[in-house]
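Data file: data-v1.csv. Format and content: CSV, C-alpha atoms and all ligand atoms.
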```csv
chain,number,residue,atom,x,y,z
A,21,MET,CA,3.3,-14.8,76.6
A,22,SER,CA,5.1,-11.9,78.2
A,23,SER,CA,3.7,-9.9,81.1
A,24,ALA,CA,2.9,-6.2,81.2
A,25,VAL,CA,2.3,-5.9,84.9
A,26,GLU,CA,3.6,-7.9,87.8
A,27,CYS,CA,2.5,-7.4,91.4
A,28,ARG,CA,4.0,-9.3,94.3
A,29,LYS,CA,2.5,-8.9,97.8
A,30,LEU,CA,1.4,-5.4,97.0
A,31,PHE,CA,0.0,-3.3,99.9
A,32,LYS,CA,-1.5,0.2,99.8
A,33,ARG,CA,-2.5,1.5,103.2
A,34,TYR,CA,-4.3,4.8,103.8
A,35,GLN,CA,-4.5,6.2,107.4
A,36,CYS,CA,-7.4,4.0,108.4
A,37,LYS,CA,-7.9,1.7,105.4
A,38,THR,CA,-5.9,-1.0,103.7
A,39,ALA,CA,-7.0,-0.7,100.1
A,40,LEU,CA,-4.6,-3.4,98.7
A,41,ASP,CA,-3.8,-6.2,101.1
A,42,GLY,CA,-0.9,-8.2,99.7
A,43,LEU,CA,-2.2,-8.5,96.1
A,44,THR,CA,-0.2,-10.8,93.8
A,45,CYS,CA,-1.0,-11.0,90.1
A,46,THR,CA,0.5,-11.0,86.7
A,47,ILE,CA,-1.3,-9.3,83.8
A,48,GLU,CA,-0.3,-10.6,80.4
A,49,ALA,CA,0.7,-8.2,77.6
A,50,ASN,CA,-1.5,-7.6,74.6
A,51,ARG,CA,-4.7,-8.8,76.2
A,52,ILE,CA,-7.9,-7.1,77.3
A,53,THR,CA,-8.2,-7.8,81.1
A,54,GLY,CA,-11.3,-6.8,83.0
A,55,VAL,CA,-10.5,-5.5,86.6
A,56,ILE,CA,-13.7,-6.5,88.4
A,57,GLY,CA,-14.7,-6.1,92.0
A,58,ARG,CA,-17.3,-4.7,94.4
A,59,ASN,CA,-17.3,-1.1,95.5
A,60,GLY,CA,-14.2,-0.4,97.6
A,61,ALA,CA,-12.5,-3.7,96.5
A,62,GLY,CA,-9.3,-1.8,95.5
A,63,LYS,CA,-9.6,-1.6,91.7
A,64,THR,CA,-8.9,2.2,91.3
A,65,THR,CA,-6.1,2.0,93.9
A,66,LEU,CA,-4.4,-0.8,91.9
A,67,LEU,CA,-4.8,1.1,88.6
A,68,ASN,CA,-3.3,4.2,90.3
A,69,LEU,CA,-0.3,2.3,91.4
A,70,ILE,CA,0.2,0.7,88.0
A,71,VAL,CA,0.3,4.1,86.2
A,72,GLY,CA,2.6,5.4,88.9
A,73,HIS,CA,0.2,8.1,90.3
A,74,LYS,CA,0.5,6.6,93.7
A,75,ARG,CA,3.3,4.7,95.5
A,76,ALA,CA,2.7,1.3,97.1
A,77,SER,CA,3.1,1.0,100.9
A,78,GLU,CA,4.9,-2.3,100.5
A,79,GLY,CA,5.5,-5.0,97.9
A,80,GLU,CA,6.8,-5.2,94.4
A,81,LEU,CA,5.2,-3.8,91.3
A,82,ARG,CA,6.7,-3.9,87.8
A,83,VAL,CA,5.1,-2.4,84.7
A,84,PHE,CA,7.0,-3.3,81.5
A,85,GLY,CA,9.7,-4.4,83.8
A,86,GLU,CA,10.1,-1.1,85.8
A,87,ALA,CA,8.8,0.3,89.0
A,88,PRO,CA,6.2,2.7,87.8
A,89,PHE,CA,6.4,5.4,90.4
A,90,ASN,CA,8.4,8.3,88.9
A,91,SER,CA,9.2,6.3,85.8
A,92,LEU,CA,9.3,8.3,82.6
A,93,ARG,CA,9.2,5.1,80.5
A,94,VAL,CA,6.1,3.9,82.2
A,95,SER,CA,4.4,7.3,81.9
A,96,ALA,CA,5.3,7.5,78.2
A,97,ASN,CA,3.7,4.1,77.6
A,98,THR,CA,0.6,4.3,79.7
A,99,ILE,CA,-2.6,6.2,79.7
A,100,PHE,CA,-5.2,6.2,82.5
A,101,ILE,CA,-8.7,7.2,81.5
A,102,THR,CA,-10.9,8.0,84.4
A,103,ASP,CA,-13.6,10.5,85.1
A,104,THR,CA,-11.3,12.3,87.6
A,105,MET,CA,-8.5,12.7,85.0
A,106,ASN,CA,-6.9,16.2,84.9
A,107,LEU,CA,-7.4,17.8,81.6
A,108,PRO,CA,-6.7,21.5,81.3
A,109,ASN,CA,-9.6,23.7,82.4
A,110,GLY,CA,-11.2,26.0,79.9
A,111,MET,CA,-9.7,24.3,76.8
A,112,THR,CA,-11.9,23.1,74.0
A,113,CYS,CA,-12.1,19.4,73.5
A,114,TYR,CA,-10.6,19.8,70.1
A,115,GLU,CA,-7.6,21.7,71.5
A,116,ILE,CA,-7.1,18.9,74.0
A,117,LEU,CA,-7.3,16.3,71.2
A,118,GLU,CA,-4.6,18.2,69.3
A,119,THR,CA,-2.3,18.1,72.3
A,120,GLY,CA,-2.5,14.3,72.4
A,121,ARG,CA,-0.2,14.2,69.4
A,122,GLN,CA,2.7,15.8,71.4
A,123,PHE,CA,2.5,13.3,74.2
A,124,TYR,CA,1.7,9.9,72.7
A,125,PRO,CA,4.0,8.5,70.0
A,126,ASN,CA,1.4,6.1,68.7
A,127,TRP,CA,-1.4,8.8,68.6
A,128,ASP,CA,-3.8,8.3,65.7
A,129,HIS,CA,-5.2,11.8,65.1
A,130,GLU,CA,-7.4,10.7,62.3
A,131,LEU,CA,-9.1,8.1,64.5
A,132,GLY,CA,-9.5,10.7,67.3
A,133,VAL,CA,-11.1,13.2,64.9
A,134,ARG,CA,-13.4,10.7,63.3
A,135,LEU,CA,-14.6,9.5,66.7
A,136,PHE,CA,-15.0,13.2,67.8
A,137,ASP,CA,-17.3,13.8,64.8
A,138,TYR,CA,-19.1,10.5,65.1
A,139,PHE,CA,-20.0,11.2,68.8
A,140,GLY,CA,-21.3,14.7,67.9
A,141,PHE,CA,-18.6,16.9,69.4
A,142,THR,CA,-18.0,20.4,67.9
A,143,LYS,CA,-14.9,22.5,67.9
A,144,ARG,CA,-16.6,24.9,70.4
A,145,ASP,CA,-17.2,22.3,73.1
A,146,ILE,CA,-15.3,23.2,76.3
A,147,HIS,CA,-14.2,20.1,78.2
A,148,ASP,CA,-15.1,21.2,81.8
A,149,ARG,CA,-18.5,22.2,80.7
A,150,LEU,CA,-19.5,18.9,79.1
A,151,SER,CA,-22.3,16.8,80.7
A,152,LYS,CA,-21.1,13.7,82.6
A,153,GLY,CA,-21.8,11.3,79.8
A,154,LYS,CA,-20.2,13.5,77.1
A,155,ARG,CA,-17.1,14.0,79.3
A,156,SER,CA,-16.7,10.2,79.7
A,157,THR,CA,-17.2,9.9,75.9
A,158,PHE,CA,-14.5,12.5,75.1
A,159,ASN,CA,-12.1,10.9,77.6
A,160,ALA,CA,-12.7,7.5,76.1
A,161,ILE,CA,-11.9,8.9,72.6
A,162,PHE,CA,-8.7,10.4,74.0
A,163,GLY,CA,-7.8,7.0,75.4
A,164,LEU,CA,-8.5,5.2,72.1
A,165,ALA,CA,-6.6,7.7,69.9
A,166,SER,CA,-3.6,7.5,72.2
A,167,ARG,CA,-3.0,3.8,71.3
A,168,CYS,CA,-0.8,3.5,74.3
A,169,PRO,CA,0.9,0.2,74.9
A,170,LEU,CA,-0.8,0.1,78.2
A,171,THR,CA,-4.3,1.6,78.0
A,172,ILE,CA,-6.3,1.7,81.2
A,173,PHE,CA,-10.0,2.6,81.4
A,174,ASP,CA,-11.4,3.0,84.9
A,175,GLU,CA,-15.2,2.9,84.7
A,176,PRO,CA,-15.0,4.6,81.3
A,177,THR,CA,-18.7,4.5,80.6
A,178,THR,CA,-20.0,6.5,83.7
A,179,GLY,CA,-22.9,8.6,82.5
A,180,MET,CA,-22.8,7.3,78.9
A,181,ASP,CA,-26.2,6.3,77.5
A,182,GLU,CA,-26.6,2.7,76.3
A,183,ALA,CA,-26.1,3.4,72.6
A,184,VAL,CA,-22.8,5.3,73.3
A,185,ARG,CA,-21.6,2.6,75.7
A,186,LYS,CA,-22.1,0.0,72.9
A,187,ASP,CA,-20.4,2.1,70.3
A,188,PHE,CA,-17.5,2.7,72.6
A,189,TYR,CA,-17.0,-1.0,73.4
A,190,ARG,CA,-17.2,-1.8,69.7
A,191,ALA,CA,-14.7,0.9,68.8
A,192,LEU,CA,-12.3,-0.4,71.5
A,193,LEU,CA,-12.6,-3.9,70.2
A,194,LYS,CA,-12.1,-3.0,66.6
A,195,ASP,CA,-9.1,-0.8,67.3
A,196,TYR,CA,-7.6,-3.4,69.6
A,197,LEU,CA,-7.9,-6.1,67.0
A,198,ALA,CA,-6.2,-3.9,64.4
A,199,TYR,CA,-3.5,-2.6,67.0
A,200,PRO,CA,-3.2,-5.1,69.8
A,201,ARG,CA,-2.0,-3.6,73.1
A,202,THR,CA,-2.5,-4.2,76.8
A,203,VAL,CA,-5.9,-2.9,77.9
A,204,LEU,CA,-7.2,-2.9,81.5
A,205,LEU,CA,-10.8,-2.1,81.8
A,206,SER,CA,-12.5,-1.7,85.2
A,207,SER,CA,-16.2,-1.9,85.3
A,208,HIS,CA,-19.1,-2.8,87.6
A,209,HIS,CA,-21.0,-4.1,84.5
A,210,LEU,CA,-19.3,-7.3,83.6
A,211,ASN,CA,-22.3,-8.5,81.6
A,212,GLU,CA,-21.8,-5.5,79.3
A,213,ILE,CA,-18.1,-6.1,78.6
A,214,GLU,CA,-17.7,-9.9,78.9
A,215,ASP,CA,-17.7,-10.3,75.1
A,216,LEU,CA,-14.8,-7.9,74.9
A,217,LEU,CA,-12.6,-9.4,77.6
A,218,GLU,CA,-10.0,-12.1,77.4
A,219,ASP,CA,-9.2,-12.3,81.1
A,220,VAL,CA,-10.9,-11.3,84.3
A,221,LEU,CA,-9.0,-10.2,87.4
A,222,LEU,CA,-11.5,-10.4,90.2
A,223,ILE,CA,-10.4,-8.4,93.3
A,224,LYS,CA,-11.9,-8.9,96.7
A,225,SER,CA,-10.9,-6.9,99.7
A,226,GLY,CA,-7.6,-5.8,98.2
A,227,ARG,CA,-6.5,-9.2,97.0
A,228,GLU,CA,-6.7,-11.2,93.8
A,229,HIS,CA,-9.7,-13.5,94.3
A,230,MET,CA,-9.7,-15.1,90.8
A,231,HIS,CA,-7.8,-14.4,87.6
A,232,ILE,CA,-8.9,-16.6,84.7
A,233,PRO,CA,-9.8,-16.3,81.0
A,234,ILE,CA,-13.4,-15.1,80.6
A,235,SER,CA,-14.2,-18.3,78.6
A,236,ASP,CA,-13.4,-20.4,81.8
A,237,MET,CA,-15.3,-18.0,84.0
A,238,LYS,CA,-18.5,-18.5,81.9
A,239,GLU,CA,-18.3,-22.2,82.6
A,240,TYR,CA,-17.0,-22.1,86.1
A,241,ALA,CA,-20.3,-22.6,88.1
A,242,LEU,CA,-23.7,-24.1,88.0
A,243,ALA,CA,-26.9,-23.1,89.7
A,244,VAL,CA,-28.8,-26.0,91.2
A,245,ARG,CA,-32.4,-25.4,92.1
A,246,GLY,CA,-35.0,-27.6,93.8
A,247,LYS,CA,-36.7,-28.6,97.0
A,248,GLU,CA,-34.5,-27.8,99.9
A,249,ARG,CA,-34.2,-31.3,101.2
A,250,ALA,CA,-33.5,-32.8,97.8
A,251,VAL,CA,-30.8,-30.1,97.2
A,252,THR,CA,-29.2,-30.7,100.6
A,253,ASN,CA,-29.1,-34.5,100.1
A,254,TRP,CA,-27.7,-34.2,96.6
A,255,LEU,CA,-25.0,-31.7,97.8
A,256,GLY,CA,-23.3,-34.1,100.2
A,257,ARG,CA,-20.0,-32.5,101.0
A,258,LYS,CA,-19.8,-30.5,97.8
A,259,ASP,CA,-18.6,-26.9,98.5
A,260,ILE,CA,-21.2,-24.2,98.0
A,261,ILE,CA,-20.2,-20.9,96.4
A,262,ALA,CA,-23.5,-19.2,97.3
A,263,ARG,CA,-27.0,-20.1,98.4
A,264,ARG,CA,-30.3,-18.3,97.7
A,265,SER,CA,-33.7,-19.1,99.2
A,266,GLY,CA,-36.4,-19.4,96.6
A,267,PRO,CA,-40.1,-19.7,97.0
A,268,PRO,CA,-41.0,-21.4,100.3
A,269,GLY,CA,-39.3,-24.8,100.6
A,270,GLU,CA,-37.1,-24.2,97.6
A,271,VAL,CA,-33.4,-23.3,97.4
A,272,THR,CA,-30.8,-22.5,94.8
A,273,VAL,CA,-27.2,-23.3,95.4
A,274,ILE,CA,-24.2,-22.3,93.3
A,275,VAL,CA,-21.5,-24.9,92.9
A,276,ARG,CA,-18.4,-25.6,90.8
A,277,ASN,CA,-19.3,-26.9,87.4
A,278,ASP,CA,-17.3,-30.1,87.9
A,279,LEU,CA,-20.1,-32.7,88.3
A,280,ASP,CA,-19.3,-36.3,87.5
A,281,HIS,CA,-21.7,-38.5,85.6
A,282,ASP,CA,-23.3,-39.9,88.8
A,283,GLN,CA,-23.9,-36.5,90.3
A,284,PHE,CA,-25.4,-35.3,87.1
A,285,ASN,CA,-27.8,-38.2,86.9
A,286,GLU,CA,-28.7,-38.0,90.6
A,287,ALA,CA,-29.6,-34.3,90.2
A,288,LYS,CA,-32.0,-35.3,87.3
A,289,GLU,CA,-33.5,-38.1,89.3
A,290,ASN,CA,-34.2,-35.7,92.2
A,291,LYS,CA,-35.8,-33.2,89.8
A,292,LEU,CA,-33.2,-30.6,90.4
A,293,GLU,CA,-32.9,-27.9,87.9
A,294,LEU,CA,-29.3,-27.2,86.7
A,295,SER,CA,-28.4,-24.0,84.9
A,296,GLN,CA,-25.2,-22.2,83.8
A,297,VAL,CA,-24.2,-19.2,85.9
A,298,SER,CA,-23.2,-16.2,83.9
A,299,ALA,CA,-19.7,-14.7,84.6
A,300,SER,CA,-21.2,-11.5,86.0
A,301,ASP,CA,-23.5,-13.4,88.4
A,302,LEU,CA,-20.5,-15.5,89.4
A,303,CYS,CA,-18.6,-12.4,90.3
A,304,VAL,CA,-21.4,-11.2,92.5
A,305,TYR,CA,-21.6,-14.6,94.3
A,306,LEU,CA,-17.9,-14.9,94.8
A,307,THR,CA,-17.6,-11.4,96.2
A,308,GLU,CA,-20.5,-11.3,98.6
A,309,GLU,CA,-19.4,-10.7,102.2
A,310,ARG,CA,-22.1,-12.9,103.6
A,311,LYS,CA,-23.9,-16.0,102.3
A,312,GLY,CA,-27.4,-15.1,101.2
A,313,GLY,CA,-29.0,-12.3,99.2
A,314,ILE,CA,-31.0,-9.1,99.6
A,315,ASP,CA,-34.2,-11.2,100.0
A,316,ASP,CA,-32.8,-12.6,103.3
A,317,VAL,CA,-32.9,-9.0,104.7
A,318,PHE,CA,-36.7,-9.1,104.4
A,319,ASN,CA,-37.0,-12.7,105.7
A,320,ARG,CA,-37.7,-12.3,109.4
A,321,ASP,CA,-38.5,-16.0,110.1
B,1,LIG,N1,-7.1,8.6,99.4
B,1,LIG,C1,-7.7,7.7,100.2
B,1,LIG,N2,-7.7,7.8,101.5
B,1,LIG,C2,-8.3,6.9,102.3
B,1,LIG,N3,-8.9,5.8,101.9
B,1,LIG,C3,-9.0,5.6,100.6
B,1,LIG,C4,-8.4,6.5,99.6
B,1,LIG,N4,-8.6,6.1,98.4
B,1,LIG,C5,-9.3,4.9,98.5
B,1,LIG,N5,-9.5,4.7,99.8
B,1,LIG,C6,-10.2,3.5,100.3
B,1,LIG,O1,-9.6,2.3,99.8
B,1,LIG,C7,-10.6,1.3,99.5
B,1,LIG,C8,-10.4,0.9,98.0
B,1,LIG,O2,-10.8,2.0,97.2
B,1,LIG,P1,-10.8,2.0,95.7
B,1,LIG,O3,-11.2,3.3,95.2
B,1,LIG,O4,-9.5,1.5,95.2
B,1,LIG,O5,-12.0,0.9,95.4
B,1,LIG,P2,-12.7,0.5,94.0
B,1,LIG,O6,-12.6,-0.9,93.9
B,1,LIG,O7,-12.2,1.3,92.9
B,1,LIG,O8,-14.2,1.0,94.4
B,1,LIG,P3,-15.4,1.6,93.4
B,1,LIG,O9,-15.8,0.4,92.6
B,1,LIG,O10,-16.4,2.0,94.4
B,1,LIG,O11,-14.8,2.7,92.6
B,1,LIG,C9,-11.9,1.9,99.8
B,1,LIG,O12,-12.3,1.5,101.1
B,1,LIG,C10,-11.6,3.4,99.9
B,1,LIG,O13,-12.5,4.1,100.8
```
Could I get this structure in the form of structure tokens?
Ligand SMILES: Nc1ncnc2c1ncn2[C@@H]1O[C@H](COP(=O)(O)OP(=O)(O)OP(=O)(O)O)[C@@H](O)[C@H]1O
Amino acid sequence: MSSAVECRKLFKRYQCKTALDGLTCTIEANRITGVIGRNGAGKTTLLNLIVGHKRASEGELRVFGEAPFNSLRVSANTIFITDTMNLPNGMTCYEILETGRQFYPNWDHELGVRLFDYFGFTKRDIHDRLSKGKRSTFNAIFGLASRCPLTIFDEPTTGMDEAVRKDFYRALLKDYLAYPRTVLLSSHHLNEIEDLLEDVLLIKSGREHMHIPISDMKEYALAVRGKERAVTNWLGRKDIIARRSGPPGEVTVIVRNDLDHDQFNEAKENKLELSQVSASDLCVYLTEERKGGIDDVFNRD
């Protein structure tokens, strides 16, 4: 497999904030990678560096083998779809769609127009007067029709209603399967996109925290629930990913899904309940700043 993006010890510092803190990762070409992380983790900053809109403070970044800042090759081969993208003020959506042909060599105008009609746009719609959800939908259509070798969607579904979100993800998957390319998709809703993703890059505090295939992530952890004493005894020295207090006297711990036969049987004998942890819950557990959950805020004992 070849790589589309390579980051080595990448830093991005703003005056009083380090947004990327030595991030190192390799994003494989022709895969759909989810860029996941809590608010402020550094996702948008990373994507901005990848498309060359911002320059790293330190470290090495290669996109298709080139440093992206000021690179014509990188700009010709990437598109960055975000709700803050600059599209010409006052132009109709249809006019903007027409301009796509001039900029993107792989542009599929027929696809763009078919999606434009399907999602109910008219030739009179002015882009900067669209509602939030309609603007996101139009931007997403533009991103799909571009068929750029590196297509990046940063929170593309902001404001879209549920039906539109589902349609967009389906359209993305269908078009990707027909025309494979490198897709980066940042979202806070991993549960919504997990069937679409091949890899997940989990960012925490400006660093790569985990980067694995989604199939591995779905099997990465187990939730173990039961009486507090029984869970504590069973745990021994096993590392805990997260811990949640349950009803009085009960606790749930999240652990790696690597139990041996004895641990499994012991859990059953102690009436502990084992269940799979979804990829999206796992991301929440892995990225919490403190052990514990919102319930603990209300627990004053
Ligand atoms: N231009 C800027 N000047 C100063 N600080 C910034 C700037 N841009 C981003 N930051 C800070 O860098 C950190 C990372 O921001 P970034 O937008 O990359 O996070 P994110 O993971 O995309 O967050 P969200 O999910 O909330 O969109 C945040 O603390 C943010 O406040």
task: Using all atoms listed in the file, pick whichever of A:Cys27, A:Leu69, A:Ala250, A:Cys303 has the shortest atom-to-atom distance to Glu286 (chain A).
output: A:Ala250
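In this model, the gap between CA of Val251 (chain A) and CA of Leu292 (chain A) comes to 7.2 Å.
Here CA of Lys29 (chain A) stands at a distance of 4.9 Å from CA of Gly79 (chain A).
A straight line drawn from atom P3 of ligand LIG 1 (chain B) to CA of Gly57 (chain A) is 7.9 Å long.
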task: Select, counting only C-alpha atoms, all protein, DNA and RNA residues no farther than 12 Å from (-19.4, -36.7, 91.7) in file coordinates, and express the selection as a list of chain:residue names.
output: A:Trp254, A:Leu255, A:Gly256, A:Arg257, A:Lys258, A:Asp259, A:Arg276, A:Asn277, A:Asp278, A:Leu279, A:Asp280, A:His281, A:Asp282, A:Gln283, A:Phe284, A:Asn285, A:Glu286, A:Ala287
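Taking only C-alpha atoms and all ligand atoms into account, ligand LIG 1 (chain B) lies nearest to A:Arg227 out of the set A:Lys247, A:Arg190, A:Arg28, A:Arg227.
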